[in-house]
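> You'll find start27.txt just under this line, and it carries compact mmCIF, C-alpha atoms.
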# COMPACT_ATOMS: atom_id res chain seq x y z
CA MET W 1 112.19 -107.17 -105.70
CA ASN W 2 108.90 -105.49 -106.40
CA GLN W 3 109.74 -101.84 -107.03
CA THR W 4 106.71 -100.51 -105.19
CA GLU W 5 107.73 -102.27 -102.00
CA PRO W 6 109.62 -100.10 -99.52
CA ILE W 7 113.20 -101.11 -98.91
CA ARG W 8 113.79 -102.17 -95.31
CA PRO W 9 117.33 -102.03 -93.99
CA SER W 10 117.06 -105.36 -92.17
CA PRO W 11 114.36 -107.96 -91.70
CA ARG W 12 114.83 -107.68 -87.91
CA VAL W 13 113.86 -104.00 -87.86
CA PRO W 14 110.13 -103.69 -87.17
CA ALA W 15 108.00 -101.45 -89.34
CA PRO W 16 107.48 -98.04 -87.74
CA GLN W 17 104.56 -98.13 -85.36
CA PRO W 18 101.97 -95.37 -85.74
CA LEU W 19 101.08 -93.41 -82.64
CA ALA W 20 97.45 -93.13 -81.60
CA PHE W 21 95.76 -91.18 -78.81
CA TYR W 22 92.39 -92.60 -77.81
CA GLY W 23 92.17 -94.50 -81.07
CA GLU W 24 93.09 -91.54 -83.27
CA THR W 25 96.30 -91.97 -85.22
CA VAL W 26 98.58 -88.94 -85.19
CA ALA W 27 101.19 -88.30 -87.86
CA SER W 28 103.72 -86.37 -85.78
CA ARG W 29 105.28 -87.18 -82.43
CA LEU W 30 105.71 -83.49 -81.70
CA LEU W 31 102.91 -81.61 -79.95
CA LEU W 32 103.39 -77.86 -79.86
CA GLY W 33 102.18 -75.12 -77.54
CA THR W 34 100.94 -71.84 -78.97
CA ALA W 35 102.07 -69.40 -76.25
CA LEU W 36 105.05 -67.05 -75.86
CA TYR W 37 105.86 -66.50 -79.55
CA PRO W 38 107.06 -63.06 -80.66
CA SER W 39 104.04 -62.72 -82.97
CA PRO W 40 101.02 -64.66 -84.22
CA HIS W 41 102.72 -64.97 -87.61
CA VAL W 42 105.84 -66.56 -86.11
CA MET W 43 103.62 -68.93 -84.14
CA SER W 44 101.84 -70.04 -87.29
CA GLU W 45 105.12 -70.53 -89.15
CA ALA W 46 106.61 -72.45 -86.23
CA VAL W 47 103.62 -74.80 -86.13
CA ARG W 48 104.02 -75.44 -89.86
CA ALA W 49 107.78 -75.97 -89.58
CA SER W 50 107.35 -78.37 -86.65
CA GLY W 51 105.00 -80.63 -88.57
CA ALA W 52 102.93 -80.91 -85.39
CA GLY W 53 99.45 -82.29 -85.88
CA ILE W 54 98.28 -81.32 -82.41
CA VAL W 55 98.68 -77.92 -80.72
CA THR W 56 97.67 -76.86 -77.24
CA VAL W 57 95.52 -73.86 -76.36
CA SER W 58 94.15 -72.41 -73.13
CA LEU W 59 91.03 -70.65 -71.90
CA ARG W 60 91.21 -67.15 -70.52
CA ARG W 61 88.84 -64.36 -69.59
CA GLU W 62 87.37 -62.54 -72.57
CA GLN W 63 86.92 -58.78 -72.46
CA ALA W 64 83.47 -57.27 -72.81
CA ARG W 65 82.86 -56.54 -76.49
CA GLY W 66 86.18 -58.26 -77.13
CA ARG W 67 86.81 -60.75 -79.88
CA THR W 68 90.35 -61.74 -78.92
CA GLY W 69 89.43 -65.36 -78.52
CA GLN W 70 87.58 -65.52 -81.79
CA ARG W 71 90.48 -63.93 -83.68
CA PHE W 72 92.96 -66.38 -82.16
CA LEU W 73 90.68 -69.30 -82.93
CA ASP W 74 90.38 -68.20 -86.56
CA LEU W 75 94.18 -67.96 -86.81
CA ILE W 76 94.77 -71.38 -85.35
CA ARG W 77 92.00 -73.10 -87.29
CA ALA W 78 93.73 -71.94 -90.50
CA LEU W 79 96.61 -74.26 -89.55
CA SER W 80 94.41 -77.36 -89.88
CA VAL W 81 95.74 -78.94 -86.69
CA ARG W 82 93.98 -80.81 -83.91
CA LEU W 83 93.45 -78.60 -80.86
CA LEU W 84 94.19 -79.88 -77.38
CA PRO W 85 92.82 -77.42 -74.81
CA ASN W 86 94.48 -77.28 -71.41
CA THR W 87 93.35 -76.41 -67.90
CA ALA W 88 96.48 -74.34 -67.20
CA GLY W 89 96.33 -72.28 -64.04
CA CYS W 90 93.75 -74.46 -62.30
CA ARG W 91 94.57 -75.20 -58.67
CA THR W 92 91.75 -77.52 -57.73
CA ALA W 93 90.00 -80.47 -59.32
CA ARG W 94 86.78 -78.45 -59.37
CA GLU W 95 88.34 -75.57 -61.32
CA ALA W 96 89.87 -78.01 -63.77
CA VAL W 97 86.61 -79.88 -64.36
CA THR W 98 84.73 -76.62 -64.99
CA THR W 99 87.44 -75.38 -67.36
CA ALA W 100 87.39 -78.70 -69.22
CA GLU W 101 83.62 -78.42 -69.68
CA MET W 102 84.03 -74.90 -71.02
CA ALA W 103 86.77 -76.03 -73.42
CA ARG W 104 84.64 -78.91 -74.67
CA GLU W 105 81.84 -76.54 -75.56
CA LEU W 106 84.11 -73.96 -77.19
CA LEU W 107 86.11 -76.38 -79.30
CA ASP W 108 83.72 -79.27 -79.66
CA THR W 109 86.37 -81.72 -78.45
CA ASP W 110 86.40 -84.19 -75.59
CA TRP W 111 90.21 -84.11 -75.45
CA ILE W 112 91.58 -82.23 -72.46
CA LYS W 113 95.13 -81.67 -71.27
CA LEU W 114 94.51 -81.81 -67.56
CA GLU W 115 96.65 -79.56 -65.39
CA VAL W 116 96.10 -79.11 -61.67
CA ILE W 117 98.99 -77.07 -60.31
CA ALA W 118 100.28 -77.40 -56.76
CA ASN W 119 103.09 -74.88 -56.46
CA ASP W 120 103.86 -71.49 -58.03
CA ASP W 121 107.62 -71.95 -58.14
CA THR W 122 107.83 -75.45 -59.53
CA LEU W 123 104.45 -75.58 -61.32
CA GLN W 124 104.44 -79.13 -60.05
CA PRO W 125 101.25 -81.07 -60.71
CA ASP W 126 99.02 -81.54 -57.65
CA VAL W 127 98.90 -85.29 -57.94
CA PHE W 128 95.92 -85.66 -55.61
CA GLY W 129 93.83 -83.03 -57.38
CA LEU W 130 94.93 -84.46 -60.70
CA ALA W 131 93.70 -87.95 -59.87
CA GLU W 132 90.41 -86.60 -58.51
CA ALA W 133 89.81 -84.44 -61.60
CA ALA W 134 90.78 -87.25 -63.98
CA GLU W 135 88.26 -89.61 -62.38
CA GLU W 136 85.48 -87.05 -62.67
CA LEU W 137 86.34 -86.04 -66.23
CA VAL W 138 86.45 -89.64 -67.46
CA LYS W 139 83.00 -90.14 -65.93
CA ARG W 140 81.84 -87.10 -67.89
CA GLY W 141 83.10 -88.58 -71.14
CA PHE W 142 86.38 -86.72 -71.50
CA LYS W 143 89.56 -88.17 -72.99
CA VAL W 144 92.12 -86.99 -70.51
CA PHE W 145 95.78 -86.16 -71.21
CA PRO W 146 97.09 -85.74 -67.64
CA TYR W 147 100.09 -83.48 -67.01
CA MET W 148 101.73 -85.47 -64.22
CA THR W 149 104.89 -86.18 -62.32
CA GLU W 150 106.80 -89.30 -63.36
CA ASP W 151 105.53 -91.27 -60.36
CA LEU W 152 104.50 -94.85 -61.14
CA SER W 153 101.77 -95.05 -58.49
CA LEU W 154 100.19 -91.92 -59.93
CA ALA W 155 100.35 -93.42 -63.42
CA ASP W 156 98.62 -96.56 -62.15
CA ARG W 157 95.91 -94.47 -60.52
CA LEU W 158 95.34 -92.37 -63.66
CA ILE W 159 95.17 -95.43 -65.88
CA GLY W 160 92.77 -97.00 -63.39
CA ALA W 161 90.63 -93.87 -63.70
CA GLY W 162 90.49 -94.34 -67.46
CA CYS W 163 93.36 -92.22 -68.78
CA ARG W 164 94.87 -93.78 -71.91
CA VAL W 165 97.69 -91.29 -72.29
CA LEU W 166 100.33 -90.30 -69.72
CA MET W 167 102.06 -86.93 -69.87
CA PRO W 168 104.88 -86.85 -67.31
CA TRP W 169 107.01 -83.74 -66.98
CA GLY W 170 110.63 -83.92 -68.08
CA SER W 171 111.46 -81.10 -65.66
CA PRO W 172 109.45 -78.09 -64.48
CA ILE W 173 107.57 -76.07 -67.10
CA GLY W 174 109.70 -73.50 -68.89
CA THR W 175 113.00 -74.53 -67.30
CA GLY W 176 114.48 -76.22 -70.37
CA ARG W 177 116.44 -78.62 -68.19
CA GLY W 178 115.50 -81.76 -70.07
CA LEU W 179 114.77 -85.13 -68.49
CA ALA W 180 115.46 -84.75 -64.77
CA ASN W 181 114.57 -88.33 -63.89
CA PRO W 182 115.12 -90.61 -66.89
CA GLN W 183 115.19 -93.72 -64.73
CA ALA W 184 111.62 -93.13 -63.53
CA LEU W 185 110.51 -92.51 -67.10
CA LYS W 186 112.07 -95.83 -68.09
CA THR W 187 110.13 -97.47 -65.28
CA LEU W 188 106.89 -95.93 -66.51
CA ARG W 189 107.67 -97.17 -70.01
CA ALA W 190 108.42 -100.67 -68.75
CA TYR W 191 105.27 -100.93 -66.63
CA HIS W 192 102.96 -99.42 -69.20
CA PRO W 193 104.25 -100.43 -72.62
CA ASP W 194 100.87 -99.94 -74.30
CA VAL W 195 99.92 -96.50 -72.95
CA PRO W 196 101.31 -93.57 -74.97
CA ILE W 197 103.79 -91.52 -72.94
CA VAL W 198 104.21 -87.88 -73.92
CA ILE W 199 106.96 -85.89 -72.23
CA ASP W 200 105.25 -82.64 -71.35
CA ALA W 201 107.35 -79.77 -70.01
CA GLY W 202 110.99 -79.07 -69.35
CA ILE W 203 112.40 -79.94 -72.76
CA GLY W 204 114.97 -77.28 -73.69
CA ALA W 205 116.95 -78.68 -76.60
CA PRO W 206 116.38 -81.05 -79.49
CA SER W 207 118.83 -83.47 -77.85
CA HIS W 208 116.48 -83.71 -74.83
CA ALA W 209 113.61 -84.58 -77.14
CA ALA W 210 115.72 -87.13 -79.00
CA GLN W 211 116.70 -88.72 -75.66
CA ALA W 212 113.03 -89.06 -74.70
CA LEU W 213 112.17 -90.75 -77.98
CA GLU W 214 115.28 -92.96 -77.92
CA MET W 215 114.24 -94.38 -74.54
CA GLY W 216 110.83 -95.27 -75.89
CA CYS W 217 108.65 -92.33 -74.93
CA ASP W 218 106.10 -91.88 -77.67
CA ALA W 219 106.02 -88.11 -78.15
CA VAL W 220 107.06 -84.75 -76.77
CA LEU W 221 104.99 -81.65 -76.00
CA LEU W 222 107.00 -78.43 -76.33
CA ASN W 223 106.38 -74.76 -76.08
CA THR W 224 108.98 -72.49 -74.48
CA ALA W 225 112.00 -74.13 -76.15
CA VAL W 226 110.59 -73.26 -79.55
CA ALA W 227 108.72 -70.03 -78.82
CA ARG W 228 111.60 -68.40 -76.92
CA ALA W 229 114.36 -69.49 -79.32
CA GLN W 230 116.04 -66.70 -81.26
CA ASP W 231 114.53 -68.19 -84.41
CA PRO W 232 111.42 -70.16 -83.38
CA VAL W 233 110.70 -71.41 -86.90
CA ARG W 234 114.15 -72.96 -87.34
CA MET W 235 114.03 -74.37 -83.83
CA ALA W 236 110.66 -75.99 -84.57
CA ALA W 237 112.20 -77.71 -87.57
CA ALA W 238 115.24 -78.74 -85.52
CA PHE W 239 113.00 -80.39 -82.92
CA ALA W 240 111.06 -82.18 -85.65
CA THR W 241 114.29 -83.67 -87.00
CA ALA W 242 115.52 -84.68 -83.54
CA ILE W 243 112.23 -86.34 -82.65
CA GLU W 244 112.18 -88.28 -85.88
CA ALA W 245 115.79 -89.37 -85.29
CA GLY W 246 115.06 -90.37 -81.71
CA ARG W 247 112.08 -92.47 -82.70
CA SER W 248 113.94 -94.14 -85.57
CA ALA W 249 116.78 -94.96 -83.18
CA TYR W 250 114.34 -96.54 -80.71
CA GLU W 251 112.75 -98.64 -83.43
CA ALA W 252 116.16 -99.60 -84.81
CA GLY W 253 117.23 -100.89 -81.36
CA LEU W 254 120.02 -99.14 -79.49
CA ILE W 255 123.03 -101.05 -78.25
CA GLN W 256 123.42 -101.61 -74.54
CA PRO W 257 126.07 -99.44 -72.89
CA SER W 258 129.09 -101.38 -71.66
CA ASP W 259 131.64 -100.61 -68.97
CA ARG W 260 134.44 -102.20 -70.98
CA ALA W 261 135.80 -101.13 -74.33
CA GLN W 262 135.23 -103.55 -77.17
CA PRO W 263 137.15 -103.18 -80.44
CA SER W 264 134.98 -102.41 -83.38
CA THR W 265 137.67 -103.46 -85.87
CA PRO W 266 137.94 -107.28 -86.07
CA VAL W 267 140.70 -108.76 -83.92
CA ALA W 268 141.27 -111.72 -86.21
CA GLY W 269 144.07 -110.99 -88.68
CA THR W 270 145.58 -108.18 -86.64
CA PRO W 271 149.21 -107.75 -87.79
CA PHE W 272 152.06 -108.21 -85.29
CA PHE W 273 149.50 -109.99 -83.06
CA ASP W 274 151.93 -112.74 -82.13
CA LEU W 275 154.84 -110.43 -81.37
CA ASP W 276 155.71 -109.80 -77.77
CA PRO W 277 155.29 -106.06 -77.39
CA LYS W 278 158.18 -106.04 -74.93
CA GLY W 279 160.33 -108.29 -77.13
CA PRO W 280 162.63 -107.74 -80.12
CA GLY W 281 161.20 -105.30 -82.63
CA SER W 282 159.44 -103.25 -79.97
CA GLU W 283 162.34 -100.84 -79.41
CA PRO W 284 161.90 -97.31 -80.56
CA LEU W 285 163.23 -96.81 -84.07
CA MET C 1 62.22 -61.99 -58.52
CA ASN C 2 60.04 -59.72 -56.37
CA ASP C 3 61.87 -59.94 -53.12
CA PRO C 4 61.17 -56.76 -51.17
CA GLY C 5 64.16 -54.83 -49.99
CA LEU C 6 66.26 -55.49 -53.08
CA PRO C 7 67.24 -52.49 -55.21
CA MET C 8 64.91 -51.72 -58.08
CA THR C 9 65.47 -49.32 -60.93
CA ASP C 10 61.78 -48.70 -61.54
CA ILE C 11 59.32 -49.76 -58.90
CA HIS C 12 56.38 -48.53 -61.02
CA SER C 13 57.20 -50.70 -63.99
CA SER C 14 54.94 -53.67 -64.50
CA THR C 15 58.01 -55.73 -65.29
CA VAL C 16 60.19 -55.06 -62.33
CA GLU C 17 63.78 -54.50 -63.42
CA ARG C 18 66.18 -55.19 -60.64
CA VAL C 19 69.81 -54.22 -60.69
CA ARG C 20 72.07 -56.93 -59.39
CA GLU C 21 75.59 -56.52 -58.22
CA ILE C 22 77.62 -59.42 -59.52
CA THR C 23 81.22 -60.17 -60.46
CA VAL C 24 82.08 -60.67 -64.13
CA ASN C 25 85.57 -62.00 -64.82
CA GLY C 26 86.75 -60.79 -61.45
CA ARG C 27 85.31 -57.27 -61.72
CA THR C 28 82.29 -55.97 -59.86
CA SER C 29 79.50 -55.20 -62.25
CA ARG C 30 75.96 -53.84 -61.85
CA THR C 31 73.56 -55.37 -64.28
CA ALA C 32 69.86 -55.35 -65.05
CA ALA C 33 70.18 -58.63 -66.92
CA PRO C 34 67.92 -61.17 -65.22
CA THR C 35 69.66 -64.18 -66.74
CA LEU C 36 73.13 -65.20 -67.84
CA GLY C 37 71.93 -65.20 -71.44
CA ASP C 38 70.82 -61.57 -71.08
CA LEU C 39 74.13 -60.65 -69.46
CA ILE C 40 76.11 -62.07 -72.41
CA VAL C 41 74.14 -59.86 -74.79
CA GLU C 42 74.13 -56.81 -72.48
CA GLN C 43 77.90 -56.83 -72.05
CA GLY C 44 78.64 -57.42 -75.72
CA PHE C 45 79.89 -61.01 -75.61
CA GLY C 46 77.27 -62.14 -78.08
CA ASP C 47 79.43 -61.94 -81.22
CA GLY C 48 82.28 -64.31 -80.44
CA ARG C 49 82.45 -67.80 -79.07
CA VAL C 50 82.57 -67.74 -75.28
CA ALA C 51 82.01 -70.30 -72.56
CA THR C 52 80.46 -69.49 -69.21
CA ALA C 53 80.51 -70.52 -65.57
CA VAL C 54 78.58 -69.18 -62.59
CA ASN C 55 80.00 -69.59 -59.10
CA GLY C 56 82.55 -72.06 -60.40
CA GLU C 57 80.04 -74.31 -62.17
CA PHE C 58 79.94 -74.64 -65.94
CA VAL C 59 76.78 -73.29 -67.60
CA ALA C 60 76.26 -74.63 -71.11
CA GLU C 61 75.26 -72.21 -73.84
CA ARG C 62 71.79 -73.72 -74.10
CA ALA C 63 71.22 -73.26 -70.35
CA ARG C 64 72.20 -69.58 -70.15
CA GLY C 65 68.70 -68.26 -70.82
CA ALA C 66 67.31 -70.23 -67.90
CA THR C 67 70.14 -69.34 -65.51
CA GLU C 68 68.90 -66.51 -63.30
CA LEU C 69 71.48 -64.17 -61.85
CA ARG C 70 71.51 -63.32 -58.17
CA ASP C 71 73.35 -60.69 -56.18
CA GLY C 72 76.85 -61.81 -55.41
CA ASP C 73 77.07 -64.27 -58.29
CA SER C 74 80.50 -64.71 -59.78
CA VAL C 75 80.40 -65.12 -63.55
CA GLU C 76 83.31 -66.27 -65.70
CA ILE C 77 83.20 -65.64 -69.45
CA LEU C 78 86.11 -67.30 -71.23
CA SER C 79 87.42 -67.76 -74.75
CA ILE C 80 90.32 -69.56 -76.40
CA ARG C 81 93.84 -68.22 -75.97
CA GLN C 82 97.44 -69.21 -76.55
CA GLY C 83 98.55 -72.01 -74.26
CA GLY C 84 101.23 -74.60 -73.64
Translate the structure described by the file into C-alpha cells.

Amino acid sequence: MNQTEPIRPSPRVPAPQPLAFYGETVASRLLLGTALYPSPHVMSEAVRASGAGIVTVSLRREQARGRTGQRFLDLIRALSVRLLPNTAGCRTAREAVTTAEMARELLDTDWIKLEVIANDDTLQPDVFGLAEAAEELVKRGFKVFPYMTEDLSLADRLIGAGCRVLMPWGSPIGTGRGLANPQALKTLRAYHPDVPIVIDAGIGAPSHAAQALEMGCDAVLLNTAVARAQDPVRMAAAFATAIEAGRSAYEAGLIQPSDRAQPSTPVAGTPFFDLDPKGPGSEPL
Amino acid sequence: MNDPGLPMTDIHSSTVERVREITVNGRTSRTAAPTLGDLIVEQGFGDGRVATAVNGEFVAERARGATELRDGDSVEILSIRQGG
C-alpha cells in the first residue's frame, strides 16, 4: 500500500462528504451563537474550542456616541470565522427584510439567518411571514438560512423560493429539550437529500447533537447549551466531539433496530447445543 | 423645507434651520439635522459602523446624505451584537 494513501476501514464506507452552504465548503458541522456567555473572553475561547467556522450575530440599537457594536465586531473578527447575521426579534417579513439589508451592509455578506417569530412563549417561527420574507430576500440576492419548523410543506415552499439550506428547530429556542420530532426531521431528510439541514435551536446536550447527525442532518447550530454550561469552553469541545462522532456514525451506516434479539456470538459450534435442557445433565449440581 | 407653520430656530437666517421632532432608536429626539447623514454625525454615530432605516425601510450608507428627515420620522441606527 502506498504510505501516503489514507487507510479506509472498509471499501464499502464512503469517503466523508464535505458540507457546503451555497457553494461554500465549511470545515465544521457545528455553528455557534455568540450570545449569553459569561464574558467576551469565554465566548472567544468557546468558539475556538468548538472548532466552529461559522458564528451567528445579531443587530441591535446602537447608543449615541457608542461604539459597542464596533468593539464586538473587532472581537469577533479576531476569531477568523464566517459571520452569519440573524434577524432575531423580527415579527414581520418587512422587519426581517429591512434587518437583513442592514446586516448585509454592516458585514458585507449576503448570508442571512432568517427569523420571523410568531409567539413570545414558544419563539415559534411564523411560517407565513418566513416564506414571504424568504421569497423577497432571495429576489434581493440574499442567501437565506431559514429558521423554520420541521414541516415538510414549509420546506418545499422555502426551497421553491430559492433557499438552499433548511434550518428546522429541534425544540423551542433555549429549552435544551433536544429533537422533539425526529420522525419529521427524518421525513425532511428523505424528501430533500441534497439540501443541507441544520438543526437550529433546542439542542441541550451533546447526545442530542449526535442524534441529529446520526440521522443524517448535516449540522447543528447551538448557543444556549454551550454559553450557559458551567464551563462553556469544555462544553463547546464536548459538542464538537459528539458532532464528529454522530457524522462518522451516519457515514459508517447504522444498523437497523430490531424488535427481536439476535445473538452476536456465532451459534455454530455452541457447546451442549444438542443436549435437551430438560434432560439428563440439566439437574442442578 | 420652507413650509410655513413649522418650528424654526432662526427665522432670520438665510439658511433656515428647522428643528424636527423625530424618533431615534425608540426615543423622541429634536434635531436640526436636515438629512439622515447629518443626524448620524450630529448624534455621534459617525465613528463606528452602523446601519440605518427610516420608517422601517433600509437606507444604505450612500443614500443617507440625500435622505431628508421629516417630523415624525422613526429612525433606527443599528450595529452588530451577540446573537444566536
> Can you work out which one of W:Leu36, W:Ala100, W:Leu84, W:Ala252 has the shortest atom-to-atom distance to Ala52 (chain W), counting all atoms listed in the file?
W:Leu84
> Report as a PDB file with C-alpha atoms, keeping the file's coordinate frame all protein, DNA and RNA residues lying within 7 Å of Asp71 (chain C), evaluated on all atoms listed in the file, omitting residues in the same chain fewer than 4 positions from it.

ATOM      1  CA  ARG C  20      72.070 -56.930 -59.390  1.00  0.00           C
ATOM      2  CA  GLU C  21      75.590 -56.520 -58.220  1.00  0.00           C
ATOM      3  CA  ILE C  22      77.620 -59.420 -59.520  1.00  0.00           C
TER       4      ILE C  22
END
> Quick one: pull the distance between CA of Leu158 (chain W) and CA of Ala240 (chain W), Å, one decimal.
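Atom-to-atom, CA of Leu158 (chain W) to CA of Ala240 (chain W), that is 28.9 Å.
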> Counting all atoms listed in the file, which residues in chain W sit no more than 9 Å from chain C? For each one, give the nearest pair of atoms and the distance in Å, sorted by chain then residue number, as a tab-separated table.

residue	atom	partner	partner_atom	distance
W:Leu32	CA	C:Gly84	CA	7.3
W:Gly33	CA	C:Gly84	CA	4.0
W:Thr34	CA	C:Gln82	CA	5.0
W:Ala35	CA	C:Gln82	CA	4.6
W:Leu36	CA	C:Gln82	CA	7.9
W:Val55	CA	C:Gly84	CA	8.2
W:Thr56	CA	C:Gly84	CA	5.5
W:Val57	CA	C:Gly83	CA	4.1
W:Ser58	CA	C:Gly83	CA	4.6
W:Leu59	CA	C:Ile80	CA	4.7
W:Arg60	CA	C:Leu78	CA	5.2
W:Arg61	CA	C:Leu78	CA	4.3
W:Glu62	CA	C:Leu78	CA	5.1
W:Gln63	CA	C:Phe45	CA	8.0
W:Ala64	CA	C:Gln43	CA	5.6
W:Arg65	CA	C:Gly44	CA	4.4
W:Gly66	CA	C:Phe45	CA	7.0
W:Arg67	CA	C:Gly48	CA	5.8
W:Thr68	CA	C:Ser79	CA	7.9
W:Gly69	CA	C:Ile80	CA	4.8
W:Gln70	CA	C:Gly48	CA	5.6
W:Arg71	CA	C:Gly48	CA	8.8
W:Phe72	CA	C:Arg81	CA	6.5
W:Leu73	CA	C:Ile80	CA	6.5
W:Pro85	CA	C:Gly83	CA	7.9
W:Asn86	CA	C:Gly83	CA	7.2
W:Ala88	CA	C:Gly83	CA	7.7
W:Arg94	CA	C:Gly56	CA	7.7
W:Glu95	CA	C:Gly56	CA	6.8
W:Val97	CA	C:Phe58	CA	8.6
W:Thr98	CA	C:Phe58	CA	5.3
W:Thr99	CA	C:Phe58	CA	7.7
W:Glu101	CA	C:Phe58	CA	6.5
W:Met102	CA	C:Ala51	CA	5.3
W:Ala103	CA	C:Ala51	CA	7.5
W:Glu105	CA	C:Ala51	CA	6.9
W:Leu106	CA	C:Ala51	CA	6.3
W:Leu107	CA	C:Ile80	CA	8.5
W:Ala201	CA	C:Gly84	CA	8.8
W:Leu221	CA	C:Gly84	CA	8.3
W:Leu222	CA	C:Gly84	CA	7.4
W:Asn223	CA	C:Gly84	CA	5.7
W:Thr224	CA	C:Gly84	CA	8.1
> Find the distance between CA of Phe142 (chain W) and CA of Cys90 (chain W) and write it in Å to one decimal.
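Going from CA of Phe142 (chain W) over to CA of Cys90 (chain W) covers 17.0 Å.
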> Using all atoms listed in the file, which protein or nucleic acid residues come within 9 Å of Leu36 (chain C)? Drop anything in the same chain fewer than 6 positions from it, and give the result as a list in words.
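Returned residues: Thr52, Val54, Val59, Ala63, Arg64, Gly65, Ala66, Thr67, Glu68, Leu69 and Val75 of chain C.
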> Using Å and a single decimal, report how far CA of His192 (chain W) sits from CA of Pro206 (chain W).
25.0 Å
> Pick the closest to Asn55 (chain C) from C:Thr23, C:Ala33, C:Asp38, C:Arg18: which is it, counting only C-alpha atoms?
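Residue with the minimum atom-to-atom distance to Asn55 (chain C): C:Thr23.
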> Excluding Val144 (chain W) and residues on its chain fewer than 4 positions from it, collect all residues at most 12 Å away from it, counting all atoms listed in the file, and give them as a ChimeraX atom specification.
/W:21-22,84-87,96-97,100,104,109-115,130-131,133-140,148,158-159,161-167
> Given the choices W:Ala245, W:Ala227, W:Ile173, W:Ala27, which gets closest to Pro40 (chain W) if the distance is worked out from all atoms listed in the file?
W:Ala227
